[in-house]
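Asks: Sending over a structure as structure tokens; questions will come in a sec.
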Amino acid sequence: MKQVYLDTYGCQMNVADTSRMELLLFHSGYLRTGEVEDADLVLINTCSIREKAEQKIYSLAGSLKPLKEANPDLILGVTGCLAQQEGEQMLQKMPFLDLILGPDGVENIVQAVDEVRNTNHPVVWTHFDSAKNYRIPELSNETPLHPGPSAFVNIIKGCDKFCTFCVVPFTRGREKSREAEEIEREVRLLVSRGAKEIILLGQNVNAYGKRGLDQPVPFHELLYRVASIPGVERLRFTTSHPMDFTRECIEAYRDIDVLVNHLHLPVQSGSNRVLQEMRRGHTVEEYVALIDALRAEVPDISLSTDIIVGFPEETDSEFEDTLALMERVEFSSSYMFCYSPRPDTPAQDFPDSVPLSVKSARLQRTMRLQDRLTGEQGRRFLNREVEVLVEGRTSKRGADFKGRNPQYWMVNFTGDREMIQPGDWVTVVVEEVFGHAFKGRAVSRVREGKRVDFKADAPAAIE
Ligand code: 5AD
Ligand code: SF4
């Protein structure tokens with residue numbers, strides 16, 4: 001078999017796209033390798049959401065040039081959002097590349113690679129798929145599909161929100177949902193292969209059902225349907241937009257046992273003027289009201305968010321409003337970014353007026369505040385038992401295994417290596433908090449409905 005080396009940058013959509021390309025290429029005779037030097041095909045799946053991500057990828061692709069010079073048969077490709085954004089231009093900057101393929105071309109990866117081989121010419125594949133429906137065809141059972149305890153399932157692609165700072169609508173195209181029956185079939189398959197936790201994926205999952213379906217199904221209904229599939233023991237989704245977060249979604253959190261008590265809900269800014277310039281479509285007050293309504297139904301829900309600092313013309317006091325909102329909501333974690341202008345976006349034409357030094361100083365302040373908020377919330381779990389789905393072994397000192405609790409904290413813990421395996425449910429006593437992670441000790445395990453309590457003197461981890 002030929003070998004493919006795949007490298008992924010960016011969001012979970014890209015991680016899912018890489019897995020899909022691995023599967024499609026497997027069917028056409030490629031096995032994935034971890035050694036780039038052994039590969040016949042190298043694909044870098046890229047991100048262009050911020051300037052920094054873009055710079056990193058250009059330097060990485062450049063570093064692969066000697067491989068191509070040493071082996072002219074090697075096919076070197078760039079896929080994903082940066083490929084879509086740059087298209088032909090990328091080939092001009094890096095003529096040693098053989099393939100440029102945007103996110104909508106993932107299903108055509110084999111065809112595109114064949115075209116490169118057959119024509120001996122670079123292929124640029126950046127047109128959007130024009131089909132009304134978003135389908136991910138099922139492949140035969142002979143696939144290397146080993147999902148592990150936690151598996152992603154794409155439910156929607158693209159985004160129609162057009163926030164003024166965001167390149168996603170240009171790189172991933174128009175919003176399109178996948179038929180619920182197809183999603184359910186995939187979930188059943190994953191569960192039959194050992195998955196216990198399903199993570200529904202999309203740029204804006206709660207816009208699910210609005211476009212691209214023959215039979216419209218609202219997002220909350222999809223949640224109930226997936227949750228009722230036997231074997232789905234945990235359900236998560238990411239990412240949501242506050243504008244599409246309905247009362248029915250809140251009720252789903254209240255009513256669906258397997259839906260975890262965690263929500264990632266990007267807010268971006270705590271200033272109404274900035275939110276308006278960002279075209280987010282809601283105010284700070286509306287966001288807070290939504291969170292309050294959710295907490296009224298699910299008091300122990302944890303919330304995470306995305307924050308942008310230094311948006312064009314953001315003043316000191318508008319930035320302070322963002323800090324105040326973070327305090328008010330008490331996010332358990334945040335992804336925090338300095339604004340950078342992106343090609344094609346409306347904000348690219350706004351004056352990028354906040355100096356880099358000010359952006360960096362603001363970013364530091366949001367990070368310090370988030371550290372404090374994370375610490376405060378983490379300490380509430382100290383000496384308490386948390387339920388963890390075991391993902392696997394950890395390389396963290398003083399711990400054997402890792403997994404997550406329902407509120408999405410990473411839990412590293414000690415436990416008997418003979419007694420615990422990935423996919424088990426364990427109860428862990430939290431003993432320490434480190435950033436957005438806990439360290440603790442497993443006290444019991446549930447496997448196939450049977451509970452085993454561990455003795456207090458269970459062997460400790462070897463450091
Ligand atoms: N500059 C900085 N951050 C950005 N994000 C998206 N576009 C930009 C940009 N131009 C952030 C937003 C989004 C997350 C995925 O990336 O916070 O929610
Ligand atoms: Fe980008 Fe806004 Fe769509 Fe999120 S909702 S992907 S920030 S355009």
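Following the order of the structure tokens, first chain is A, next is B, and so on, with residues numbered from 1 inside each chain and ligands from 1 in the order they appear.
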Any idea what's packed within 8 Å of segment 91-99 of chain A, counting only C-alpha atoms, ignoring anything in its chain fewer than 2 positions away? Could you give it as a PDB file with N, CA, C and O atoms, in the first residue's frame?
Replies:
```pdb
ATOM      1  N   GLY A  62       6.870  25.424   3.359  1.00  0.00           N
ATOM      2  CA  GLY A  62       8.205  25.706   2.841  1.00  0.00           C
ATOM      3  C   GLY A  62       9.225  24.681   3.326  1.00  0.00           C
ATOM      4  O   GLY A  62      10.101  24.243   2.566  1.00  0.00           O
ATOM      5  N   LYS A  65       9.632  21.482   1.222  1.00  0.00           N
ATOM      6  CA  LYS A  65      10.169  21.577  -0.152  1.00  0.00           C
ATOM      7  C   LYS A  65      11.337  20.601  -0.394  1.00  0.00           C
ATOM      8  O   LYS A  65      11.349  19.908  -1.429  1.00  0.00           O
ATOM      9  N   LYS A  68      10.287  17.131  -1.412  1.00  0.00           N
ATOM     10  CA  LYS A  68       9.810  17.058  -2.799  1.00  0.00           C
ATOM     11  C   LYS A  68      11.002  17.026  -3.771  1.00  0.00           C
ATOM     12  O   LYS A  68      10.990  16.296  -4.765  1.00  0.00           O
ATOM     13  N   ILE A  75       3.678  13.472  -3.801  1.00  0.00           N
ATOM     14  CA  ILE A  75       2.630  14.483  -4.039  1.00  0.00           C
ATOM     15  C   ILE A  75       2.466  15.288  -2.754  1.00  0.00           C
ATOM     16  O   ILE A  75       2.218  14.735  -1.677  1.00  0.00           O
ATOM     17  N   LEU A  76       2.610  16.605  -2.891  1.00  0.00           N
ATOM     18  CA  LEU A  76       2.557  17.503  -1.737  1.00  0.00           C
ATOM     19  C   LEU A  76       1.332  18.395  -1.890  1.00  0.00           C
ATOM     20  O   LEU A  76       1.240  19.146  -2.876  1.00  0.00           O
ATOM     21  N   GLY A  77       0.414  18.314  -0.953  1.00  0.00           N
ATOM     22  CA  GLY A  77      -0.823  19.081  -1.098  1.00  0.00           C
ATOM     23  C   GLY A  77      -1.158  19.899   0.128  1.00  0.00           C
ATOM     24  O   GLY A  77      -0.792  19.556   1.249  1.00  0.00           O
ATOM     25  N   VAL A  78      -1.859  21.004  -0.110  1.00  0.00           N
ATOM     26  CA  VAL A  78      -2.386  21.813   0.979  1.00  0.00           C
ATOM     27  C   VAL A  78      -3.903  21.789   0.847  1.00  0.00           C
ATOM     28  O   VAL A  78      -4.441  22.070  -0.239  1.00  0.00           O
ATOM     29  N   THR A  79      -4.596  21.424   1.918  1.00  0.00           N
ATOM     30  CA  THR A  79      -6.059  21.369   1.897  1.00  0.00           C
ATOM     31  C   THR A  79      -6.599  22.350   2.953  1.00  0.00           C
ATOM     32  O   THR A  79      -5.832  22.980   3.658  1.00  0.00           O
ATOM     33  N   GLY A  87      -6.056  29.713  -3.082  1.00  0.00           N
ATOM     34  CA  GLY A  87      -6.213  29.130  -4.415  1.00  0.00           C
ATOM     35  C   GLY A  87      -4.931  29.192  -5.230  1.00  0.00           C
ATOM     36  O   GLY A  87      -3.843  28.845  -4.753  1.00  0.00           O
ATOM     37  N   GLU A  88      -5.066  29.661  -6.478  1.00  0.00           N
ATOM     38  CA  GLU A  88      -3.936  29.749  -7.428  1.00  0.00           C
ATOM     39  C   GLU A  88      -2.751  30.517  -6.850  1.00  0.00           C
ATOM     40  O   GLU A  88      -1.591  30.185  -7.129  1.00  0.00           O
ATOM     41  N   GLN A  89      -3.071  31.560  -6.063  1.00  0.00           N
ATOM     42  CA  GLN A  89      -1.988  32.388  -5.496  1.00  0.00           C
ATOM     43  C   GLN A  89      -0.978  31.567  -4.718  1.00  0.00           C
ATOM     44  O   GLN A  89       0.203  31.866  -4.683  1.00  0.00           O
ATOM     45  N   LEU A 101      -6.551  22.186  -2.299  1.00  0.00           N
ATOM     46  CA  LEU A 101      -7.933  21.686  -2.272  1.00  0.00           C
ATOM     47  C   LEU A 101      -8.683  22.278  -1.078  1.00  0.00           C
ATOM     48  O   LEU A 101      -8.265  22.115   0.071  1.00  0.00           O
ATOM     49  N   ALA A 112      -8.837  14.074  -6.971  1.00  0.00           N
ATOM     50  CA  ALA A 112      -7.866  15.160  -7.165  1.00  0.00           C
ATOM     51  C   ALA A 112      -6.436  14.615  -7.171  1.00  0.00           C
ATOM     52  O   ALA A 112      -5.614  15.024  -7.996  1.00  0.00           O
ATOM     53  N   VAL A 113      -6.157  13.666  -6.267  1.00  0.00           N
ATOM     54  CA  VAL A 113      -4.807  13.078  -6.213  1.00  0.00           C
ATOM     55  C   VAL A 113      -4.542  12.304  -7.515  1.00  0.00           C
ATOM     56  O   VAL A 113      -3.460  12.398  -8.107  1.00  0.00           O
ATOM     57  N   VAL A 116      -3.622  14.599 -10.297  1.00  0.00           N
ATOM     58  CA  VAL A 116      -2.221  15.050 -10.220  1.00  0.00           C
ATOM     59  C   VAL A 116      -1.318  13.975 -10.810  1.00  0.00           C
ATOM     60  O   VAL A 116      -0.443  14.252 -11.634  1.00  0.00           O
ATOM     61  N   HIS A 121       0.468  17.503 -13.466  1.00  0.00           N
ATOM     62  CA  HIS A 121       0.317  18.958 -13.308  1.00  0.00           C
ATOM     63  C   HIS A 121      -0.341  19.267 -11.979  1.00  0.00           C
ATOM     64  O   HIS A 121      -1.162  18.488 -11.503  1.00  0.00           O
ATOM     65  N   PRO A 122      -0.022  20.413 -11.398  1.00  0.00           N
ATOM     66  CA  PRO A 122      -0.692  20.779 -10.147  1.00  0.00           C
ATOM     67  C   PRO A 122      -2.199  20.942 -10.356  1.00  0.00           C
ATOM     68  O   PRO A 122      -2.630  21.365 -11.435  1.00  0.00           O
ATOM     69  N   VAL A 123      -2.959  20.595  -9.331  1.00  0.00           N
ATOM     70  CA  VAL A 123      -4.422  20.726  -9.396  1.00  0.00           C
ATOM     71  C   VAL A 123      -4.876  21.714  -8.325  1.00  0.00           C
ATOM     72  O   VAL A 123      -4.470  21.607  -7.172  1.00  0.00           O
ATOM     73  N   VAL A 124      -5.692  22.676  -8.742  1.00  0.00           N
ATOM     74  CA  VAL A 124      -6.288  23.613  -7.773  1.00  0.00           C
ATOM     75  C   VAL A 124      -7.789  23.338  -7.755  1.00  0.00           C
ATOM     76  O   VAL A 124      -8.464  23.475  -8.773  1.00  0.00           O
ATOM     77  N   TRP A 125      -8.311  22.908  -6.595  1.00  0.00           N
ATOM     78  CA  TRP A 125      -9.712  22.470  -6.486  1.00  0.00           C
ATOM     79  C   TRP A 125     -10.381  23.328  -5.414  1.00  0.00           C
ATOM     80  O   TRP A 125     -10.358  22.993  -4.237  1.00  0.00           O
TER      81      TRP A 125
END
```
Asks: Would you please give, as a VMD selection string, all residues of segment 290-420 of chain A that DSSP assigns to helix (DSSP H, G or I) based on the backbone?
Replies: chain A and resid 290 to 297 316 to 329 346 to 349 356 to 379
Asks: Near Val167 of chain A, counting only C-alpha atoms, which residues have an atom at most 8 Å away, once you skip same-chain residues fewer than 4 positions from it, shown as a PDB file with N, CA and C atoms, in the first residue's frame?
Replies:
```pdb
ATOM      1  N   SER A  48      -7.259  29.248   8.352  1.00  0.00           N
ATOM      2  CA  SER A  48      -6.892  30.630   8.013  1.00  0.00           C
ATOM      3  C   SER A  48      -7.676  31.617   8.865  1.00  0.00           C
ATOM      4  N   ILE A  49      -8.159  31.136  10.004  1.00  0.00           N
ATOM      5  CA  ILE A  49      -9.067  31.969  10.809  1.00  0.00           C
ATOM      6  C   ILE A  49      -8.369  33.221  11.321  1.00  0.00           C
ATOM      7  N   THR A 171     -14.462  30.644   3.250  1.00  0.00           N
ATOM      8  CA  THR A 171     -13.645  29.439   3.041  1.00  0.00           C
ATOM      9  C   THR A 171     -14.490  28.167   3.083  1.00  0.00           C
ATOM     10  N   ARG A 342      -8.874  39.727   8.083  1.00  0.00           N
ATOM     11  CA  ARG A 342      -8.835  38.572   7.182  1.00  0.00           C
ATOM     12  C   ARG A 342      -9.325  38.957   5.794  1.00  0.00           C
ATOM     13  N   PRO A 343      -8.755  38.315   4.772  1.00  0.00           N
ATOM     14  CA  PRO A 343      -9.138  38.649   3.394  1.00  0.00           C
ATOM     15  C   PRO A 343     -10.642  38.471   3.157  1.00  0.00           C
ATOM     16  N   ASP A 344     -11.204  39.294   2.334  1.00  0.00           N
ATOM     17  CA  ASP A 344     -12.620  39.255   1.913  1.00  0.00           C
ATOM     18  C   ASP A 344     -13.612  39.733   2.975  1.00  0.00           C
ATOM     19  N   THR A 345     -13.204  39.824   4.220  1.00  0.00           N
ATOM     20  CA  THR A 345     -14.181  40.159   5.263  1.00  0.00           C
ATOM     21  C   THR A 345     -14.438  41.664   5.294  1.00  0.00           C
TER      22      THR A 345
END
```
Asks: Around ligand 1, out to 8 Å and counting only C-alpha atoms and all ligand atoms, which residues are there? I want them as an NGL selection string.
Replies: :A and (11 or 49-51 or 165-168 or 266-268 or 305-309 or 311 or 335-342)
Asks: List as an NGL selection string the protein and nucleic acid residues near Arg328 of chain A, meaning an atom at most 12 Å away when only C-alpha atoms are counted, but skip any in the same chain fewer than 6 places from it.
Replies: :A and (270 or 284-285 or 287-289 or 291-292 or 303 or 321-322 or 369-370 or 373)
Asks: Could you check the closest approach to Asp160 of chain A for each of A:Asp38, A:Glu182, A:Asp244, A:Glu197 and tell me which residue wins, using only C-alpha atoms?
Replies: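 That would be A:Asp244, the residue with the smallest distance to Asp160 of chain A.
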Asks: Per residue of chain A within 6 Å of ligand 2, record the nearest atom pair and its distance in Å to one decimal, counting only C-alpha atoms and all ligand atoms, with rows in chain order and ascending residue number, as a tab-separated table.
Replies:
```
residue	atom	partner	partner_atom_place_in_ligand_line	distance
A:Cys159	CA	ligand 2	3 (Fe)	4.7
A:Lys161	CA	ligand 2	8 (S)	4.7
A:Phe162	CA	ligand 2	8 (S)	4.1
A:Cys163	CA	ligand 2	2 (Fe)	4.2
A:Cys166	CA	ligand 2	1 (Fe)	4.5
A:Val168	CA	ligand 2	1 (Fe)	5.1
A:Pro169	CA	ligand 2	8 (S)	5.8
A:Gln203	CA	ligand 2	6 (S)	5.1
A:His241	CA	ligand 2	5 (S)	5.9
```
Asks: With all heavy atoms kept, could you save the residues just selected as a compact mmCIF listing (two decimals), in the first residue's frame?
Replies:
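File written: out39.txt
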```
# COMPACT_ATOMS: atom_id res chain seq x y z
N CYS A 159 -21.31 28.51 6.88
CA CYS A 159 -21.92 29.46 7.82
C CYS A 159 -22.50 30.62 7.04
O CYS A 159 -21.87 31.12 6.10
CB CYS A 159 -20.88 29.97 8.81
SG CYS A 159 -21.62 31.07 10.03
N LYS A 161 -23.70 33.41 8.71
CA LYS A 161 -23.82 34.54 9.63
C LYS A 161 -23.03 35.77 9.16
O LYS A 161 -23.40 36.89 9.46
CB LYS A 161 -23.34 34.13 11.03
CG LYS A 161 -24.32 33.25 11.79
CD LYS A 161 -25.45 34.08 12.36
CE LYS A 161 -26.46 33.27 13.13
NZ LYS A 161 -27.30 32.41 12.28
N PHE A 162 -21.93 35.55 8.48
CA PHE A 162 -21.12 36.66 7.97
C PHE A 162 -20.77 37.69 9.05
O PHE A 162 -20.98 38.90 8.85
CB PHE A 162 -21.81 37.35 6.78
CG PHE A 162 -21.78 36.52 5.54
CD1 PHE A 162 -22.84 35.67 5.22
CD2 PHE A 162 -20.69 36.57 4.68
CE1 PHE A 162 -22.81 34.88 4.07
CE2 PHE A 162 -20.65 35.79 3.52
CZ PHE A 162 -21.71 34.94 3.22
N CYS A 163 -20.28 37.24 10.20
CA CYS A 163 -19.73 38.19 11.17
C CYS A 163 -18.63 38.95 10.45
O CYS A 163 -17.90 38.36 9.63
CB CYS A 163 -19.17 37.44 12.37
SG CYS A 163 -20.41 36.43 13.19
N CYS A 166 -14.95 37.54 10.18
CA CYS A 166 -14.73 36.10 10.04
C CYS A 166 -14.62 35.63 8.59
O CYS A 166 -15.47 35.94 7.74
CB CYS A 166 -15.85 35.34 10.73
SG CYS A 166 -15.54 33.57 10.76
N VAL A 168 -14.72 32.44 7.67
CA VAL A 168 -15.33 31.11 7.48
C VAL A 168 -16.39 31.07 6.36
O VAL A 168 -16.37 30.16 5.53
CB VAL A 168 -15.90 30.57 8.81
CG1 VAL A 168 -16.82 29.38 8.59
CG2 VAL A 168 -14.75 30.16 9.73
N PRO A 169 -17.31 32.05 6.28
CA PRO A 169 -18.30 31.97 5.21
C PRO A 169 -17.65 31.98 3.82
O PRO A 169 -18.24 31.48 2.86
CB PRO A 169 -19.15 33.24 5.41
CG PRO A 169 -19.00 33.55 6.87
CD PRO A 169 -17.58 33.18 7.20
N GLN A 203 -19.88 24.57 12.14
CA GLN A 203 -19.45 25.93 12.44
C GLN A 203 -20.51 26.60 13.31
O GLN A 203 -20.21 27.41 14.16
CB GLN A 203 -19.31 26.69 11.12
CG GLN A 203 -18.06 27.47 11.03
CD GLN A 203 -16.81 26.63 11.22
OE1 GLN A 203 -16.09 26.88 12.16
NE2 GLN A 203 -16.56 25.66 10.37
N HIS A 241 -24.15 29.53 18.05
CA HIS A 241 -24.25 31.00 17.96
C HIS A 241 -25.41 31.44 18.84
O HIS A 241 -26.49 30.84 18.77
CB HIS A 241 -24.50 31.41 16.50
CG HIS A 241 -24.36 32.87 16.29
ND1 HIS A 241 -25.25 33.79 16.81
CD2 HIS A 241 -23.43 33.60 15.62
CE1 HIS A 241 -24.87 35.01 16.48
NE2 HIS A 241 -23.76 34.92 15.75
```
Asks: Near Met21 of chain A, counting only C-alpha atoms, which residues have an atom at most 12 Å away, once you skip same-chain residues fewer than 6 positions from it, shown as a ChimeraX atom specification?
Replies: /A:4-8,14-15,27-28,30-32,41-45,79-80,101,103-113,136,144
